[in-house]
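Structure first, commentary second.
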Amino acid sequence: METVREYYLDYNATTPVDPGVLKEMTRFFSLQFHNPSSFYRKAGEANQALEAARNQVSQLIHADAGDIYFTSGGTESDNLAVLGAVRKYGKKGHIITSQIEHPAVLNACKYLEKNGYEVTYLPVSPVGLVNSEDLKKSIKDSTILVSIMHANNEIGTIQPLRQLIEIAHQRGVLFHSDAVQTVGRIPVDVKGLDIDMLSFSGHKIYGPKGVGVLYKKKRVKIEPLVFGGGHEQGVRAGTENVPGIVGIGKAAQMAAAGMAQTEAKIRPLRDRLQKKILETIPEVLINGDTPERLFNTLNVSIKYIEGEAILAFLDQEGLALSSGSACSSKSLDPSHVLLAIGLKHEDAHGSLRISLGKFNEPEDVDKLIEVLPPVVERLRSMSPFWRK
Ligand SMILES: *Cc1c(COP(=O)(O)O)cnc(C)c1O
């Protein structure tokens, strides 16, 4: 069978494990398989590897190592923050989030709503920004927690977290952020932000899947989701995923060292791609077009055609990207994020998410620039909505 070269443009969905990360992980599957909680010397070494990873991760976000809790990923960290805090502090209180959160936060909030809690879903501007006045007005005496993501996975908009956190803290309300798309990509400083809880994930930063982090200030208490032995200071039971944790530690260290270099390489590629798409394809919209946008992300609506149809043609050429978000692309509902920024249903249906990463080269972008315009032209020629 002929193999098609892959052009991977979907780094917001997941990233390959960096070879340097994999190299660190390997021996913890075999030679150093021991349970970190056990007594003997080898177990002590596994435990030391865990703590070394905790240090590496804490340095990436400027945290104390003791405030890092390892989980099974971004989704669990988000659930642990939202459900854990609410169950600790609230007897049927009020939670504030945004309309453009990842399903890991959104669906945890919907579950709480079904169970007697009140939830406010803040709207966003046409570029996807939460308005700080809206947040201020929505806080009540019963508000327990605000959870607003740092950068959006579909359109890349980066929220003014410092400002939003300050507003919550003026009213004594806890603040959590899903920072899966920012940690490792742009500087994140939990102490500078004075944030109470923050989530991120291994597989979005060239680490392995199935491992994540919840940062939590010491004085913030949460209920566990998983009960068992007293691992992770009683916050998250279960024998630690030692290879995964070693992996996210190494990935964090590499991200801290290479962040500026990756941005310098990738931002011009994204900008060139955006410029070329605007030049070569009529009637497209750039979603989340604000200076407060992740340097790797480009979300475009191509009017009069379906994103899924475009993806099918691009896939034949080896181009891997998303329409809307990977998590919702199995359903035919338009992306909740694109609807929240005010797109019409039909324009949301024609959206593509291109997200670049550190292994992309100019030829990846060139390939899309070459292939996309004729695909769009062909699909539009078959579309009843496209007037030639
Ligand atoms: C990928 C992602 C998650 C989920 O992380 P997993 O480790 O895949 O569970 C949560 N939030 C955002 C913004 C994401 O991009």
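Letters A, B, ... mark the chains of the structure tokens in the order given; residue numbers begin at 1 per chain; ligand numbers begin at 1, in order shown.
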
Residues contacting ligand 1 - anything with an atom at most 6 Å away, using only C-alpha atoms and all ligand atoms - can you give me those as a PyMOL selection string?
chain A and resi 13+73-75+102+104+152-153+178+180-181+201

Write out as a tab-separated table a residue-level contact list of region 51-159 of chain A versus region 280-303 of chain A with cut-off 10 Å: for each qualifying residue the closest pair of atoms and the distance in Å to one decimal, counting only C-alpha atoms, rows sorted by chain and residue number upward.
```
residue	atom	partner	partner_atom	distance
A:Ser125	CA	A:Gly288	CA	9.4
A:Pro126	CA	A:Gly288	CA	7.4
A:Val127	CA	A:Gly288	CA	4.2
A:Gly128	CA	A:Gly288	CA	6.0
A:Leu129	CA	A:Gly288	CA	8.7
A:Ala151	CA	A:Leu294	CA	7.3
A:Asn152	CA	A:Leu294	CA	8.6
A:Asn153	CA	A:Thr297	CA	8.4
A:Glu154	CA	A:Asn299	CA	6.9
A:Ile155	CA	A:Gly288	CA	5.3
A:Gly156	CA	A:Leu294	CA	4.9
A:Thr157	CA	A:Arg293	CA	4.4
A:Ile158	CA	A:Glu292	CA	5.2
A:Gln159	CA	A:Glu292	CA	7.5
```

With N, CA, C and O atoms kept, could you save the residues just selected as a PDB file, in the first residue's frame?
```pdb
ATOM      1  N   SER A 125     -17.316  38.073  23.685  1.00  0.00           N
ATOM      2  CA  SER A 125     -17.367  39.043  22.589  1.00  0.00           C
ATOM      3  C   SER A 125     -17.223  38.322  21.249  1.00  0.00           C
ATOM      4  O   SER A 125     -16.902  37.132  21.213  1.00  0.00           O
ATOM      5  N   PRO A 126     -17.387  39.031  20.142  1.00  0.00           N
ATOM      6  CA  PRO A 126     -17.242  38.386  18.827  1.00  0.00           C
ATOM      7  C   PRO A 126     -15.856  37.780  18.563  1.00  0.00           C
ATOM      8  O   PRO A 126     -15.713  36.947  17.676  1.00  0.00           O
ATOM      9  N   VAL A 127     -14.826  38.161  19.343  1.00  0.00           N
ATOM     10  CA  VAL A 127     -13.536  37.482  19.193  1.00  0.00           C
ATOM     11  C   VAL A 127     -13.312  36.458  20.303  1.00  0.00           C
ATOM     12  O   VAL A 127     -12.257  35.825  20.375  1.00  0.00           O
ATOM     13  N   GLY A 128     -14.280  36.313  21.194  1.00  0.00           N
ATOM     14  CA  GLY A 128     -14.188  35.256  22.198  1.00  0.00           C
ATOM     15  C   GLY A 128     -13.680  35.681  23.559  1.00  0.00           C
ATOM     16  O   GLY A 128     -13.266  34.835  24.355  1.00  0.00           O
ATOM     17  N   LEU A 129     -13.723  36.992  23.841  1.00  0.00           N
ATOM     18  CA  LEU A 129     -13.235  37.458  25.146  1.00  0.00           C
ATOM     19  C   LEU A 129     -14.380  37.608  26.148  1.00  0.00           C
ATOM     20  O   LEU A 129     -15.449  38.131  25.819  1.00  0.00           O
ATOM     21  N   ALA A 151      -6.818  29.821  27.458  1.00  0.00           N
ATOM     22  CA  ALA A 151      -6.973  30.049  26.017  1.00  0.00           C
ATOM     23  C   ALA A 151      -7.899  29.003  25.442  1.00  0.00           C
ATOM     24  O   ALA A 151      -7.875  27.845  25.866  1.00  0.00           O
ATOM     25  N   ASN A 152      -8.708  29.424  24.501  1.00  0.00           N
ATOM     26  CA  ASN A 152      -9.680  28.513  23.915  1.00  0.00           C
ATOM     27  C   ASN A 152      -9.035  27.568  22.905  1.00  0.00           C
ATOM     28  O   ASN A 152      -8.234  27.992  22.064  1.00  0.00           O
ATOM     29  N   ASN A 153      -9.411  26.292  22.969  1.00  0.00           N
ATOM     30  CA  ASN A 153      -8.814  25.269  22.110  1.00  0.00           C
ATOM     31  C   ASN A 153      -9.264  25.372  20.657  1.00  0.00           C
ATOM     32  O   ASN A 153      -8.592  24.882  19.770  1.00  0.00           O
ATOM     33  N   GLU A 154     -10.402  25.998  20.388  1.00  0.00           N
ATOM     34  CA  GLU A 154     -10.887  26.069  19.003  1.00  0.00           C
ATOM     35  C   GLU A 154     -10.439  27.339  18.286  1.00  0.00           C
ATOM     36  O   GLU A 154     -10.054  27.285  17.124  1.00  0.00           O
ATOM     37  N   ILE A 155     -10.532  28.479  18.966  1.00  0.00           N
ATOM     38  CA  ILE A 155     -10.219  29.745  18.281  1.00  0.00           C
ATOM     39  C   ILE A 155      -8.963  30.416  18.834  1.00  0.00           C
ATOM     40  O   ILE A 155      -8.475  31.373  18.240  1.00  0.00           O
ATOM     41  N   GLY A 156      -8.454  29.948  19.962  1.00  0.00           N
ATOM     42  CA  GLY A 156      -7.170  30.429  20.470  1.00  0.00           C
ATOM     43  C   GLY A 156      -7.208  31.703  21.289  1.00  0.00           C
ATOM     44  O   GLY A 156      -6.157  32.173  21.750  1.00  0.00           O
ATOM     45  N   THR A 157      -8.395  32.266  21.503  1.00  0.00           N
ATOM     46  CA  THR A 157      -8.487  33.513  22.273  1.00  0.00           C
ATOM     47  C   THR A 157      -7.959  33.336  23.697  1.00  0.00           C
ATOM     48  O   THR A 157      -8.332  32.376  24.378  1.00  0.00           O
ATOM     49  N   ILE A 158      -7.103  34.267  24.118  1.00  0.00           N
ATOM     50  CA  ILE A 158      -6.502  34.216  25.458  1.00  0.00           C
ATOM     51  C   ILE A 158      -7.223  35.221  26.359  1.00  0.00           C
ATOM     52  O   ILE A 158      -7.284  36.408  26.051  1.00  0.00           O
ATOM     53  N   GLN A 159      -7.759  34.732  27.454  1.00  0.00           N
ATOM     54  CA  GLN A 159      -8.523  35.602  28.371  1.00  0.00           C
ATOM     55  C   GLN A 159      -7.606  36.442  29.255  1.00  0.00           C
ATOM     56  O   GLN A 159      -6.511  35.994  29.608  1.00  0.00           O
TER      57      GLN A 159
END
```

Which residues, written as a ChimeraX atom specification, have at least one atom at most 7 Å from region 52-61 of chain A, with only C-alpha atoms counted and residues fewer than 6 positions away on the same chain left out?
/A:68,188-190,245-246,249-250,252-253,256

N, CA, C and O atoms of the current selection, written as a short mmCIF file (atom, residue, chain, number, x, y, z; two decimals), in the first residue's frame:
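Output file out-v2.cif follows:
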```cif
data_model
loop_
_atom_site.label_atom_id
_atom_site.label_comp_id
_atom_site.auth_asym_id
_atom_site.auth_seq_id
_atom_site.Cartn_x
_atom_site.Cartn_y
_atom_site.Cartn_z
N ILE A 68 1.39 20.71 43.44
CA ILE A 68 1.15 20.00 42.17
C ILE A 68 0.54 18.64 42.45
O ILE A 68 1.09 17.86 43.23
N VAL A 188 3.16 30.94 31.85
CA VAL A 188 2.06 30.92 32.81
C VAL A 188 2.70 30.94 34.20
O VAL A 188 3.55 30.10 34.50
N ASP A 189 2.31 31.89 35.01
CA ASP A 189 2.90 32.08 36.34
C ASP A 189 1.77 32.09 37.37
O ASP A 189 1.08 33.09 37.54
N VAL A 190 1.59 30.95 38.05
CA VAL A 190 0.44 30.83 38.96
C VAL A 190 0.55 31.80 40.14
O VAL A 190 -0.47 32.25 40.66
N ILE A 245 4.03 10.29 34.53
CA ILE A 245 4.42 11.44 35.33
C ILE A 245 5.86 11.86 35.01
O ILE A 245 6.16 13.04 34.87
N VAL A 246 6.72 10.87 34.84
CA VAL A 246 8.10 11.17 34.41
C VAL A 246 8.05 11.89 33.05
O VAL A 246 8.78 12.85 32.81
N GLY A 249 6.81 15.45 33.35
CA GLY A 249 7.89 16.24 33.96
C GLY A 249 8.93 16.66 32.93
O GLY A 249 9.30 17.83 32.82
N LYS A 250 9.37 15.68 32.14
CA LYS A 250 10.37 15.98 31.11
C LYS A 250 9.79 16.93 30.07
O LYS A 250 10.47 17.88 29.62
N ALA A 252 7.53 19.17 30.54
CA ALA A 252 7.46 20.50 31.15
C ALA A 252 8.83 21.17 31.09
O ALA A 252 8.95 22.35 30.74
N GLN A 253 9.86 20.40 31.40
CA GLN A 253 11.22 20.96 31.37
C GLN A 253 11.58 21.40 29.95
O GLN A 253 12.12 22.50 29.75
N ALA A 256 9.66 24.59 28.93
CA ALA A 256 10.21 25.81 29.54
C ALA A 256 11.43 26.28 28.77
O ALA A 256 11.60 27.47 28.52
#
```

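Take the candidates A:Ile341, A:Leu273, A:Leu311, A:Leu278 and check each one against Leu368 (chain A) using only C-alpha atoms; the shortest distance goes to A:Leu273.
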
Considering only C-alpha atoms, can you say which of A:Ser30, A:Gln48, A:Asn115, A:Thr71 comes closest to Gly212 (chain A)?
A:Thr71

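Among A:Asp10, A:Pro36, A:Thr26, A:Arg87, the residue with the shortest atom-to-atom distance to Glu240 (chain A), counting only C-alpha atoms, is A:Pro36.
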
Produce a table with one row for each residue of region 190-306 of chain A that has an atom at most 12 Å from any atom of region 76-86 of chain A, each row naming the nearest atom pair and its distance in Å at one decimal; use only C-alpha atoms; arrange rows by chain and rising residue number; format as a Markdown table.
```
| residue | atom | partner | partner_atom | distance |
| --- | --- | --- | --- | --- |
| A:Asp196 | CA | A:Ala81 | CA | 9.6 |
| A:Met197 | CA | A:Ala81 | CA | 6.8 |
| A:Leu198 | CA | A:Ala81 | CA | 8.0 |
| A:Ser199 | CA | A:Ser77 | CA | 5.5 |
| A:Phe200 | CA | A:Ser77 | CA | 7.3 |
| A:Ser201 | CA | A:Ser77 | CA | 8.4 |
| A:Gly202 | CA | A:Ser77 | CA | 11.5 |
| A:Gly210 | CA | A:Glu76 | CA | 9.6 |
| A:Val211 | CA | A:Glu76 | CA | 9.2 |
| A:Gly212 | CA | A:Ser77 | CA | 6.8 |
| A:Val213 | CA | A:Ser77 | CA | 6.3 |
| A:Leu214 | CA | A:Ser77 | CA | 5.2 |
| A:Tyr215 | CA | A:Ser77 | CA | 8.7 |
| A:Lys216 | CA | A:Ala81 | CA | 8.4 |
| A:Lys217 | CA | A:Ala81 | CA | 11.4 |
| A:Arg219 | CA | A:Ala85 | CA | 11.8 |
| A:Val220 | CA | A:Ala85 | CA | 8.1 |
| A:Lys221 | CA | A:Ala85 | CA | 6.8 |
| A:Ile222 | CA | A:Gly84 | CA | 4.6 |
| A:Glu223 | CA | A:Gly84 | CA | 4.4 |
| A:Pro224 | CA | A:Gly84 | CA | 5.9 |
| A:Leu225 | CA | A:Leu80 | CA | 6.3 |
| A:Val226 | CA | A:Leu80 | CA | 9.2 |
| A:Val235 | CA | A:Leu80 | CA | 8.8 |
| A:Arg236 | CA | A:Leu80 | CA | 8.8 |
```

Restricted to N, CA, C and O atoms, what would the selected residues look like written as a short mmCIF file (atom, residue, chain, number, x, y, z; two decimals), in the first residue's frame?
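part.cif was written with the following content:
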```cif
data_model
loop_
_atom_site.label_atom_id
_atom_site.label_comp_id
_atom_site.auth_asym_id
_atom_site.auth_seq_id
_atom_site.Cartn_x
_atom_site.Cartn_y
_atom_site.Cartn_z
N ASP A 196 -6.14 30.24 42.13
CA ASP A 196 -6.35 29.23 43.17
C ASP A 196 -6.13 27.82 42.65
O ASP A 196 -5.56 26.97 43.34
N MET A 197 -6.60 27.55 41.43
CA MET A 197 -6.43 26.22 40.83
C MET A 197 -6.23 26.38 39.32
O MET A 197 -6.82 27.29 38.72
N LEU A 198 -5.44 25.47 38.74
CA LEU A 198 -5.16 25.55 37.31
C LEU A 198 -4.89 24.14 36.78
O LEU A 198 -4.17 23.36 37.41
N SER A 199 -5.47 23.83 35.61
CA SER A 199 -5.34 22.48 35.04
C SER A 199 -4.49 22.50 33.79
O SER A 199 -4.58 23.44 32.99
N PHE A 200 -3.72 21.44 33.59
CA PHE A 200 -3.13 21.22 32.27
C PHE A 200 -2.86 19.74 32.03
O PHE A 200 -3.08 18.91 32.91
N SER A 201 -2.42 19.43 30.80
CA SER A 201 -2.40 18.05 30.33
C SER A 201 -1.07 17.70 29.67
O SER A 201 -0.44 18.55 29.04
N GLY A 202 -0.66 16.43 29.79
CA GLY A 202 0.61 15.99 29.21
C GLY A 202 0.63 15.98 27.70
O GLY A 202 1.59 16.44 27.07
N GLY A 210 -3.02 10.62 28.97
CA GLY A 210 -3.39 9.94 30.21
C GLY A 210 -2.66 10.44 31.44
O GLY A 210 -2.63 9.75 32.47
N VAL A 211 -2.08 11.62 31.37
CA VAL A 211 -1.50 12.22 32.56
C VAL A 211 -1.72 13.74 32.51
O VAL A 211 -1.65 14.35 31.44
N GLY A 212 -2.06 14.28 33.65
CA GLY A 212 -2.32 15.72 33.73
C GLY A 212 -1.94 16.24 35.09
O GLY A 212 -1.47 15.49 35.95
N VAL A 213 -2.15 17.53 35.26
CA VAL A 213 -1.80 18.19 36.52
C VAL A 213 -2.94 19.08 36.97
O VAL A 213 -3.57 19.75 36.15
N LEU A 214 -3.21 19.04 38.27
CA LEU A 214 -3.98 20.13 38.87
C LEU A 214 -3.05 20.85 39.83
O LEU A 214 -2.49 20.25 40.74
N TYR A 215 -2.88 22.16 39.59
CA TYR A 215 -2.21 23.01 40.57
C TYR A 215 -3.28 23.52 41.52
O TYR A 215 -4.37 23.92 41.08
N LYS A 216 -2.97 23.52 42.81
CA LYS A 216 -3.91 24.02 43.80
C LYS A 216 -3.14 24.67 44.93
O LYS A 216 -2.21 24.08 45.46
N LYS A 217 -3.53 25.89 45.26
CA LYS A 217 -2.93 26.57 46.42
C LYS A 217 -3.16 25.74 47.68
O LYS A 217 -4.23 25.14 47.84
N ARG A 219 -3.94 26.56 50.72
CA ARG A 219 -5.08 26.87 51.60
C ARG A 219 -6.44 26.56 50.95
O ARG A 219 -7.46 26.60 51.62
N VAL A 220 -6.43 26.23 49.67
CA VAL A 220 -7.68 25.85 49.00
C VAL A 220 -7.90 24.36 49.21
O VAL A 220 -7.04 23.54 48.89
N LYS A 221 -9.01 23.99 49.77
CA LYS A 221 -9.30 22.59 50.05
C LYS A 221 -10.34 22.07 49.06
O LYS A 221 -11.28 22.78 48.73
N ILE A 222 -10.13 20.83 48.61
CA ILE A 222 -11.12 20.22 47.71
C ILE A 222 -11.42 18.79 48.15
O ILE A 222 -10.59 18.15 48.80
N GLU A 223 -12.60 18.31 47.78
CA GLU A 223 -12.96 16.91 48.01
C GLU A 223 -12.38 16.08 46.88
O GLU A 223 -12.43 16.50 45.72
N PRO A 224 -11.88 14.88 47.17
CA PRO A 224 -11.39 14.03 46.07
C PRO A 224 -12.56 13.49 45.23
O PRO A 224 -13.69 13.43 45.70
N LEU A 225 -12.25 13.11 43.99
CA LEU A 225 -13.23 12.41 43.14
C LEU A 225 -13.04 10.91 43.26
O LEU A 225 -13.96 10.13 43.04
N VAL A 226 -11.77 10.52 43.53
CA VAL A 226 -11.39 9.11 43.55
C VAL A 226 -10.90 8.79 44.96
O VAL A 226 -10.00 9.46 45.46
N VAL A 235 -5.58 13.80 47.69
CA VAL A 235 -6.41 14.51 46.72
C VAL A 235 -6.77 13.61 45.55
O VAL A 235 -7.82 13.74 44.93
N ARG A 236 -5.88 12.65 45.24
CA ARG A 236 -6.11 11.81 44.06
C ARG A 236 -5.51 10.43 44.30
O ARG A 236 -4.31 10.23 44.08
#
```

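Each of A:Tyr304, A:Gly228, A:Ser323, A:Gly66 was checked against Arg387 (chain A) using only C-alpha atoms; the smallest atom-to-atom distance is that of A:Tyr304.
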